[in-house]
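What follows is the content of model-v3.cif, which has mmCIF, C-alpha atoms:
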data_model
loop_
_atom_site.group_PDB
_atom_site.id
_atom_site.type_symbol
_atom_site.label_atom_id
_atom_site.label_comp_id
_atom_site.auth_asym_id
_atom_site.auth_seq_id
_atom_site.Cartn_x
_atom_site.Cartn_y
_atom_site.Cartn_z
ATOM 1 C CA MET G 1 10.048 -6.178 3.824
ATOM 2 C CA SER G 2 8.473 -8.271 1.068
ATOM 3 C CA THR G 3 4.770 -8.893 0.486
ATOM 4 C CA THR G 4 5.301 -12.510 1.538
ATOM 5 C CA GLU G 5 6.829 -11.390 4.841
ATOM 6 C CA HIS G 6 3.927 -8.970 5.384
ATOM 7 C CA ARG G 7 1.419 -11.731 4.660
ATOM 8 C CA ASP G 8 3.141 -14.017 7.157
ATOM 9 C CA MET G 9 3.038 -11.326 9.837
ATOM 10 C CA ALA G 10 -0.633 -10.637 9.116
ATOM 11 C CA LYS G 11 -1.963 -14.191 8.937
ATOM 12 C CA GLU G 12 -3.368 -14.133 12.482
ATOM 13 C CA VAL G 13 -5.295 -10.874 11.906
ATOM 14 C CA LYS G 14 -9.045 -11.409 11.748
ATOM 15 C CA ALA G 15 -11.250 -8.907 9.948
ATOM 16 C CA ASN G 16 -14.579 -7.539 11.151
ATOM 17 C CA CYS G 17 -16.881 -7.713 8.134
ATOM 18 C CA ALA G 18 -20.307 -6.375 7.232
ATOM 19 C CA ILE G 19 -22.230 -7.984 4.374
ATOM 20 C CA LEU G 20 -24.649 -6.032 2.196
ATOM 21 C CA THR G 21 -26.865 -7.630 -0.416
ATOM 22 C CA ILE G 22 -28.380 -5.250 -2.952
ATOM 23 C CA SER G 23 -31.474 -6.782 -4.542
ATOM 24 C CA ASP G 24 -35.027 -5.937 -5.499
ATOM 25 C CA THR G 25 -36.089 -9.598 -5.495
ATOM 26 C CA ARG G 26 -34.246 -11.441 -2.716
ATOM 27 C CA THR G 27 -34.988 -11.649 0.977
ATOM 28 C CA LEU G 28 -32.538 -12.549 3.744
ATOM 29 C CA ASP G 29 -33.910 -16.098 3.554
ATOM 30 C CA THR G 30 -33.414 -16.418 -0.220
ATOM 31 C CA ASP G 31 -30.119 -14.517 -0.348
ATOM 32 C CA SER G 32 -27.873 -17.379 -1.459
ATOM 33 C CA SER G 33 -24.971 -15.084 -2.373
ATOM 34 C CA GLY G 34 -25.067 -13.321 0.989
ATOM 35 C CA HIS G 35 -25.251 -16.692 2.747
ATOM 36 C CA LEU G 36 -22.210 -17.855 0.789
ATOM 37 C CA ILE G 37 -20.222 -14.745 1.729
ATOM 38 C CA ALA G 38 -21.098 -15.261 5.410
ATOM 39 C CA LYS G 39 -20.140 -18.940 5.281
ATOM 40 C CA LEU G 40 -16.794 -18.255 3.592
ATOM 41 C CA VAL G 41 -15.937 -15.362 5.933
ATOM 42 C CA GLU G 42 -16.644 -17.490 8.998
ATOM 43 C CA GLU G 43 -14.808 -20.538 7.629
ATOM 44 C CA ALA G 44 -11.756 -18.317 7.105
ATOM 45 C CA GLY G 45 -11.928 -17.299 10.786
ATOM 46 C CA HIS G 46 -13.040 -13.711 10.243
ATOM 47 C CA HIS G 47 -16.006 -12.086 11.994
ATOM 48 C CA ILE G 48 -19.376 -10.895 10.723
ATOM 49 C CA VAL G 49 -20.439 -7.841 12.683
ATOM 50 C CA ASP G 50 -23.515 -6.942 10.629
ATOM 51 C CA ARG G 51 -25.527 -8.039 7.629
ATOM 52 C CA ALA G 52 -28.273 -6.324 5.660
ATOM 53 C CA LEU G 53 -30.284 -6.529 2.466
ATOM 54 C CA VAL G 54 -31.486 -3.365 0.713
ATOM 55 C CA ARG G 55 -33.315 -2.571 -2.504
ATOM 56 C CA ASP G 56 -31.192 -1.393 -5.430
ATOM 57 C CA GLU G 57 -31.794 2.262 -4.666
ATOM 58 C CA VAL G 58 -29.098 4.875 -4.185
ATOM 59 C CA THR G 59 -30.439 6.184 -0.859
ATOM 60 C CA HIS G 60 -30.781 2.724 0.715
ATOM 61 C CA ILE G 61 -27.328 1.586 -0.418
ATOM 62 C CA GLY G 62 -25.668 4.868 0.538
ATOM 63 C CA SER G 63 -27.250 5.071 3.979
ATOM 64 C CA THR G 64 -26.242 1.537 4.925
ATOM 65 C CA LEU G 65 -22.691 1.932 3.638
ATOM 66 C CA HIS G 66 -22.286 5.315 5.324
ATOM 67 C CA ASN G 67 -23.387 3.897 8.688
ATOM 68 C CA TRP G 68 -20.905 1.028 8.423
ATOM 69 C CA ILE G 69 -18.053 3.290 7.287
ATOM 70 C CA GLU G 70 -18.680 5.444 10.363
ATOM 71 C CA ASP G 71 -18.743 2.370 12.638
ATOM 72 C CA ASP G 72 -15.223 1.765 14.013
ATOM 73 C CA GLU G 73 -16.013 -1.943 14.454
ATOM 74 C CA VAL G 74 -16.527 -2.506 10.696
ATOM 75 C CA GLN G 75 -13.224 -2.918 8.854
ATOM 76 C CA VAL G 76 -14.491 -4.523 5.640
ATOM 77 C CA ILE G 77 -17.762 -4.222 3.738
ATOM 78 C CA LEU G 78 -18.582 -7.001 1.293
ATOM 79 C CA THR G 79 -21.414 -6.226 -1.115
ATOM 80 C CA THR G 80 -23.186 -8.450 -3.600
ATOM 81 C CA GLY G 81 -25.514 -7.244 -6.332
ATOM 82 C CA GLY G 82 -26.067 -4.136 -8.395
ATOM 83 C CA THR G 83 -22.719 -4.197 -10.211
ATOM 84 C CA GLY G 84 -24.001 -4.850 -13.725
ATOM 85 C CA ILE G 85 -25.351 -2.583 -16.437
ATOM 86 C CA ALA G 86 -29.102 -2.913 -15.895
ATOM 87 C CA ARG G 87 -30.952 0.366 -15.395
ATOM 88 C CA ARG G 88 -31.463 -0.354 -11.679
ATOM 89 C CA ASP G 89 -27.839 -1.364 -10.996
ATOM 90 C CA SER G 90 -26.560 1.517 -8.868
ATOM 91 C CA THR G 91 -24.107 -0.025 -6.400
ATOM 92 C CA ILE G 92 -21.019 1.140 -8.280
ATOM 93 C CA GLU G 93 -22.223 4.744 -8.567
ATOM 94 C CA VAL G 94 -22.772 4.897 -4.795
ATOM 95 C CA VAL G 95 -19.526 3.159 -3.838
ATOM 96 C CA ARG G 96 -17.427 5.178 -6.310
ATOM 97 C CA ARG G 97 -18.466 8.398 -4.512
ATOM 98 C CA MET G 98 -17.389 6.946 -1.146
ATOM 99 C CA ILE G 99 -14.005 5.518 -2.170
ATOM 100 C CA THR G 100 -11.053 7.625 -1.057
ATOM 101 C CA LYS G 101 -8.369 5.158 -2.164
ATOM 102 C CA PRO G 102 -9.266 2.824 -5.056
ATOM 103 C CA LEU G 103 -7.945 -0.726 -5.398
ATOM 104 C CA PRO G 104 -8.291 -1.073 -9.191
ATOM 105 C CA GLY G 105 -6.530 -4.431 -9.222
ATOM 106 C CA PHE G 106 -9.541 -6.115 -7.642
ATOM 107 C CA GLY G 107 -11.907 -5.283 -10.493
ATOM 108 C CA GLU G 108 -9.252 -5.955 -13.109
ATOM 109 C CA LEU G 109 -8.363 -9.374 -11.702
ATOM 110 C CA PHE G 110 -11.995 -10.252 -11.095
ATOM 111 C CA ARG G 111 -12.843 -9.653 -14.748
ATOM 112 C CA VAL G 112 -9.806 -11.657 -15.924
ATOM 113 C CA LEU G 113 -10.798 -14.603 -13.721
ATOM 114 C CA SER G 114 -14.458 -14.220 -14.716
ATOM 115 C CA TYR G 115 -13.508 -14.336 -18.371
ATOM 116 C CA GLN G 116 -12.155 -17.838 -17.819
ATOM 117 C CA GLN G 117 -15.640 -18.884 -16.636
ATOM 118 C CA VAL G 118 -18.150 -16.757 -18.545
ATOM 119 C CA LYS G 119 -16.081 -15.559 -21.505
ATOM 120 C CA SER G 120 -16.977 -12.161 -22.967
ATOM 121 C CA ALA G 121 -19.867 -11.660 -20.504
ATOM 122 C CA ALA G 122 -17.145 -10.778 -17.962
ATOM 123 C CA MET G 123 -17.034 -7.284 -19.450
ATOM 124 C CA LEU G 124 -20.523 -6.620 -18.084
ATOM 125 C CA SER G 125 -19.259 -6.633 -14.496
ATOM 126 C CA ARG G 126 -18.254 -3.340 -12.938
ATOM 127 C CA ALA G 127 -16.969 -4.971 -9.721
ATOM 128 C CA MET G 128 -14.619 -2.687 -7.820
ATOM 129 C CA ALA G 129 -12.944 -2.216 -4.455
ATOM 130 C CA GLY G 130 -11.235 0.444 -2.425
ATOM 131 C CA LEU G 131 -10.965 2.203 0.893
ATOM 132 C CA ALA G 132 -13.604 4.580 2.178
ATOM 133 C CA GLY G 133 -11.638 6.225 4.950
ATOM 134 C CA ASP G 134 -10.293 3.229 6.869
ATOM 135 C CA THR G 135 -12.981 0.793 5.699
ATOM 136 C CA PHE G 136 -12.423 -1.571 2.784
ATOM 137 C CA ILE G 137 -15.355 -2.011 0.387
ATOM 138 C CA PHE G 138 -15.525 -4.877 -2.103
ATOM 139 C CA THR G 139 -18.381 -4.967 -4.598
ATOM 140 C CA MET G 140 -19.283 -8.284 -6.177
ATOM 141 C CA PRO G 141 -21.973 -9.309 -8.656
ATOM 142 C CA GLY G 142 -25.098 -10.990 -7.332
ATOM 143 C CA SER G 143 -24.499 -14.500 -8.647
ATOM 144 C CA LYS G 144 -23.204 -17.217 -6.330
ATOM 145 C CA ASN G 145 -20.549 -18.225 -8.874
ATOM 146 C CA ALA G 146 -19.220 -14.671 -9.074
ATOM 147 C CA VAL G 147 -19.235 -14.330 -5.284
ATOM 148 C CA ASN G 148 -17.434 -17.626 -4.863
ATOM 149 C CA LEU G 149 -14.796 -16.603 -7.408
ATOM 150 C CA ALA G 150 -14.202 -13.179 -5.843
ATOM 151 C CA MET G 151 -14.125 -14.466 -2.284
ATOM 152 C CA GLN G 152 -12.002 -17.590 -2.840
ATOM 153 C CA LYS G 153 -9.517 -16.260 -5.393
ATOM 154 C CA LEU G 154 -9.144 -12.597 -4.451
ATOM 155 C CA ILE G 155 -10.645 -11.351 -1.197
ATOM 156 C CA LEU G 156 -10.045 -14.092 1.369
ATOM 157 C CA PRO G 157 -6.419 -14.791 0.388
ATOM 158 C CA GLU G 158 -5.574 -11.122 1.097
ATOM 159 C CA LEU G 159 -8.103 -10.085 3.750
ATOM 160 C CA SER G 160 -5.862 -10.458 6.813
ATOM 161 C CA HIS G 161 -3.000 -8.791 4.960
ATOM 162 C CA LEU G 162 -5.169 -5.839 3.902
ATOM 163 C CA VAL G 163 -6.493 -5.216 7.417
ATOM 164 C CA TRP G 164 -2.998 -5.594 8.893
ATOM 165 C CA GLU G 165 -1.549 -3.097 6.376
ATOM 166 C CA ARG G 166 -4.232 -0.554 7.234
ATOM 167 C CA LYS G 167 -3.519 -0.837 10.967
ATOM 168 C CA ARG G 168 0.220 -0.208 10.576
#
Kindly transcribe the structure held in the file into structure tokens.
Amino acid sequence: MSTTEHRDMAKEVKANCAILTISDTRTLDTDSSGHLIAKLVEEAGHHIVDRALVRDEVTHIGSTLHNWIEDDEVQVILTTGGTGIARRDSTIEVVRRMITKPLPGFGELFRVLSYQQVKSAAMLSRAMAGLAGDTFIFTMPGSKNAVNLAMQKLILPELSHLVWERKR
């Protein structure tokens, strides 16, 4: 069966998503990237089962992710923030330890698409994705433009297909 046939079979599958914003400066009220993720997920017909904002600290990120990975209701975790090279950016280090099956194409494609918008600054992103057990994790930078790019061009077009594939 081809990928197109799989996608067609999966198009009615709706994902249960949790959204995590990693930031030392934002609040849930000022979290424009998290709000954008929520809006796009809902517009695509998927479900938000939880949402949180934590400081860019390994223990806070790890604890939240671990709880969601253990929660059978959460199928997909969408994170924003902490993917760069600043000293406090620790999202990737935490997620990398949890990933059991990497999806390297996400980060590769994200940086290619980002290059078209921000040129060589795209190399500063360490965005990545993979499975932690049966839960998909996608890490995105904190900017609204980066979130919009990742969600619209990469994540949402494949989300139903990914969840369907994992259930088979």
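With all atoms listed in the file as the basis for measurement, G:Thr139 is the residue among G:Thr64, G:Thr3, G:Gln117, G:Thr139 that approaches G:Ile155 most closely.
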Worksheet item: Distance atom CA of G:Glu158-atom CA of G:Asp8, one decimal place?
Response: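 Going from atom CA of G:Glu158 over to atom CA of G:Asp8 covers 11.0 Å.
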Worksheet item: What does the PyMOL selection byres ((chain G and resi 105) around 12) select in this file, as a PyMOL selection string?
Response: chain G and resi 102-104+106-113+127-130+138+154-155
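Checking G:Ile77, G:Cys17, G:Leu159, G:Val118 one by one against G:Ile137, counting all atoms listed in the file, you find the shortest gap at G:Ile77.
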Worksheet, complete the sentence: Separating atom CA of G:Ala10 from atom CA of G:Val163, to the nearest tenth of an Å, is a gap of 8.2 Å
Please evaluate the PyMOL selection byres ((chain G and resi 37-47) around 9) against the structure above and give the resulting residues as a PDB file with C-alpha atoms, in the coordinates of the input.
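File out_39.pdb, as written:
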ATOM      1  CA  VAL G  13      -5.295 -10.874  11.906  1.00  0.00           C
ATOM      2  CA  LYS G  14      -9.045 -11.409  11.748  1.00  0.00           C
ATOM      3  CA  ALA G  15     -11.250  -8.907   9.948  1.00  0.00           C
ATOM      4  CA  ASN G  16     -14.579  -7.539  11.151  1.00  0.00           C
ATOM      5  CA  CYS G  17     -16.881  -7.713   8.134  1.00  0.00           C
ATOM      6  CA  ALA G  18     -20.307  -6.375   7.232  1.00  0.00           C
ATOM      7  CA  ILE G  19     -22.230  -7.984   4.374  1.00  0.00           C
ATOM      8  CA  SER G  32     -27.873 -17.379  -1.459  1.00  0.00           C
ATOM      9  CA  SER G  33     -24.971 -15.084  -2.373  1.00  0.00           C
ATOM     10  CA  GLY G  34     -25.067 -13.321   0.989  1.00  0.00           C
ATOM     11  CA  HIS G  35     -25.251 -16.692   2.747  1.00  0.00           C
ATOM     12  CA  LEU G  36     -22.210 -17.855   0.789  1.00  0.00           C
ATOM     13  CA  ILE G  48     -19.376 -10.895  10.723  1.00  0.00           C
ATOM     14  CA  VAL G  49     -20.439  -7.841  12.683  1.00  0.00           C
ATOM     15  CA  ARG G  51     -25.527  -8.039   7.629  1.00  0.00           C
ATOM     16  CA  LEU G  78     -18.582  -7.001   1.293  1.00  0.00           C
ATOM     17  CA  THR G  80     -23.186  -8.450  -3.600  1.00  0.00           C
ATOM     18  CA  LYS G 144     -23.204 -17.217  -6.330  1.00  0.00           C
ATOM     19  CA  VAL G 147     -19.235 -14.330  -5.284  1.00  0.00           C
ATOM     20  CA  ASN G 148     -17.434 -17.626  -4.863  1.00  0.00           C
ATOM     21  CA  MET G 151     -14.125 -14.466  -2.284  1.00  0.00           C
ATOM     22  CA  GLN G 152     -12.002 -17.590  -2.840  1.00  0.00           C
ATOM     23  CA  LEU G 156     -10.045 -14.092   1.369  1.00  0.00           C
ATOM     24  CA  LEU G 159      -8.103 -10.085   3.750  1.00  0.00           C
ATOM     25  CA  SER G 160      -5.862 -10.458   6.813  1.00  0.00           C
TER      26      SER G 160
END
Fill in: Best match for closeness to G:Val76 among G:Val58, G:Leu20, G:Val94, G:Ala146, counting all atoms listed in the file
G:Leu20
Discussion item. I'd like to see the residues matched by the PyMOL selection byres ((chain G and resi 168) around 12) on this file, and ideally I'd get them as a list in words.
Written reply: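 Checked against the file, the PyMOL selection byres ((chain G and resi 168) around 12) matches His6, Met9, Ala10, Asp134, His161, Leu162, Val163, Trp164, Glu165, Arg166 and Lys167 of chain G.
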Discussion item. Please list, as a VMD selection string, the residues that have an atom at most 12 Å away from (-27.0, 3.6, 1.6) in the coordinates of this file, counting all atoms listed in the file.
Written reply: chain G and resid 20 to 22 52 to 69 79 90 to 95 97 to 98
With C-alpha atoms retained, could you export that selection as a PDB file, keeping the file's coordinate frame?
ATOM      1  CA  LEU G  20     -24.649  -6.032   2.196  1.00  0.00           C
ATOM      2  CA  THR G  21     -26.865  -7.630  -0.416  1.00  0.00           C
ATOM      3  CA  ILE G  22     -28.380  -5.250  -2.952  1.00  0.00           C
ATOM      4  CA  ALA G  52     -28.273  -6.324   5.660  1.00  0.00           C
ATOM      5  CA  LEU G  53     -30.284  -6.529   2.466  1.00  0.00           C
ATOM      6  CA  VAL G  54     -31.486  -3.365   0.713  1.00  0.00           C
ATOM      7  CA  ARG G  55     -33.315  -2.571  -2.504  1.00  0.00           C
ATOM      8  CA  ASP G  56     -31.192  -1.393  -5.430  1.00  0.00           C
ATOM      9  CA  GLU G  57     -31.794   2.262  -4.666  1.00  0.00           C
ATOM     10  CA  VAL G  58     -29.098   4.875  -4.185  1.00  0.00           C
ATOM     11  CA  THR G  59     -30.439   6.184  -0.859  1.00  0.00           C
ATOM     12  CA  HIS G  60     -30.781   2.724   0.715  1.00  0.00           C
ATOM     13  CA  ILE G  61     -27.328   1.586  -0.418  1.00  0.00           C
ATOM     14  CA  GLY G  62     -25.668   4.868   0.538  1.00  0.00           C
ATOM     15  CA  SER G  63     -27.250   5.071   3.979  1.00  0.00           C
ATOM     16  CA  THR G  64     -26.242   1.537   4.925  1.00  0.00           C
ATOM     17  CA  LEU G  65     -22.691   1.932   3.638  1.00  0.00           C
ATOM     18  CA  HIS G  66     -22.286   5.315   5.324  1.00  0.00           C
ATOM     19  CA  ASN G  67     -23.387   3.897   8.688  1.00  0.00           C
ATOM     20  CA  TRP G  68     -20.905   1.028   8.423  1.00  0.00           C
ATOM     21  CA  ILE G  69     -18.053   3.290   7.287  1.00  0.00           C
ATOM     22  CA  THR G  79     -21.414  -6.226  -1.115  1.00  0.00           C
ATOM     23  CA  SER G  90     -26.560   1.517  -8.868  1.00  0.00           C
ATOM     24  CA  THR G  91     -24.107  -0.025  -6.400  1.00  0.00           C
ATOM     25  CA  ILE G  92     -21.019   1.140  -8.280  1.00  0.00           C
ATOM     26  CA  GLU G  93     -22.223   4.744  -8.567  1.00  0.00           C
ATOM     27  CA  VAL G  94     -22.772   4.897  -4.795  1.00  0.00           C
ATOM     28  CA  VAL G  95     -19.526   3.159  -3.838  1.00  0.00           C
ATOM     29  CA  ARG G  97     -18.466   8.398  -4.512  1.00  0.00           C
ATOM     30  CA  MET G  98     -17.389   6.946  -1.146  1.00  0.00           C
TER      31      MET G  98
END
Response to the item:
Using all atoms listed in the file, the best pick from G:Asp50, G:Ala132, G:Gln75, G:Leu28 as closest to G:Ile99 would be G:Ala132
Item to complete: State, in Å with one decimal place, the distance from atom CA of G:Glu73 to atom CA of G:Phe136.
Response: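 Atom-to-atom, atom CA of G:Glu73 and atom CA of G:Phe136 are spaced 12.2 Å apart.
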Discussion item. Counting all atoms listed in the file, which residue out of G:Ser2, G:Ala150, G:Gly133, G:Arg7 sits closest to G:Glu70?
Written reply: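 Checking each of G:Ser2, G:Ala150, G:Gly133, G:Arg7 against G:Glu70, counting all atoms listed in the file, the winner is G:Gly133.
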Worksheet, complete the sentence: In terms of all atoms listed in the file, the residue from G:Arg96, G:Arg126, G:Arg26, G:Lys119 at minimal distance from G:Thr83 is G:Arg126
Taking all atoms of stretch 8-11 of chain G that the file lists, what box with edges along x, y and z, padded by 4 Å per side, do you get, with centre and edge lengths in Å to one decimal, as AutoDock Vina command-line options?
--center_x 0.6 --center_y -12.4 --center_z 8.5 --size_x 13.1 --size_y 11.6 --size_z 10.7
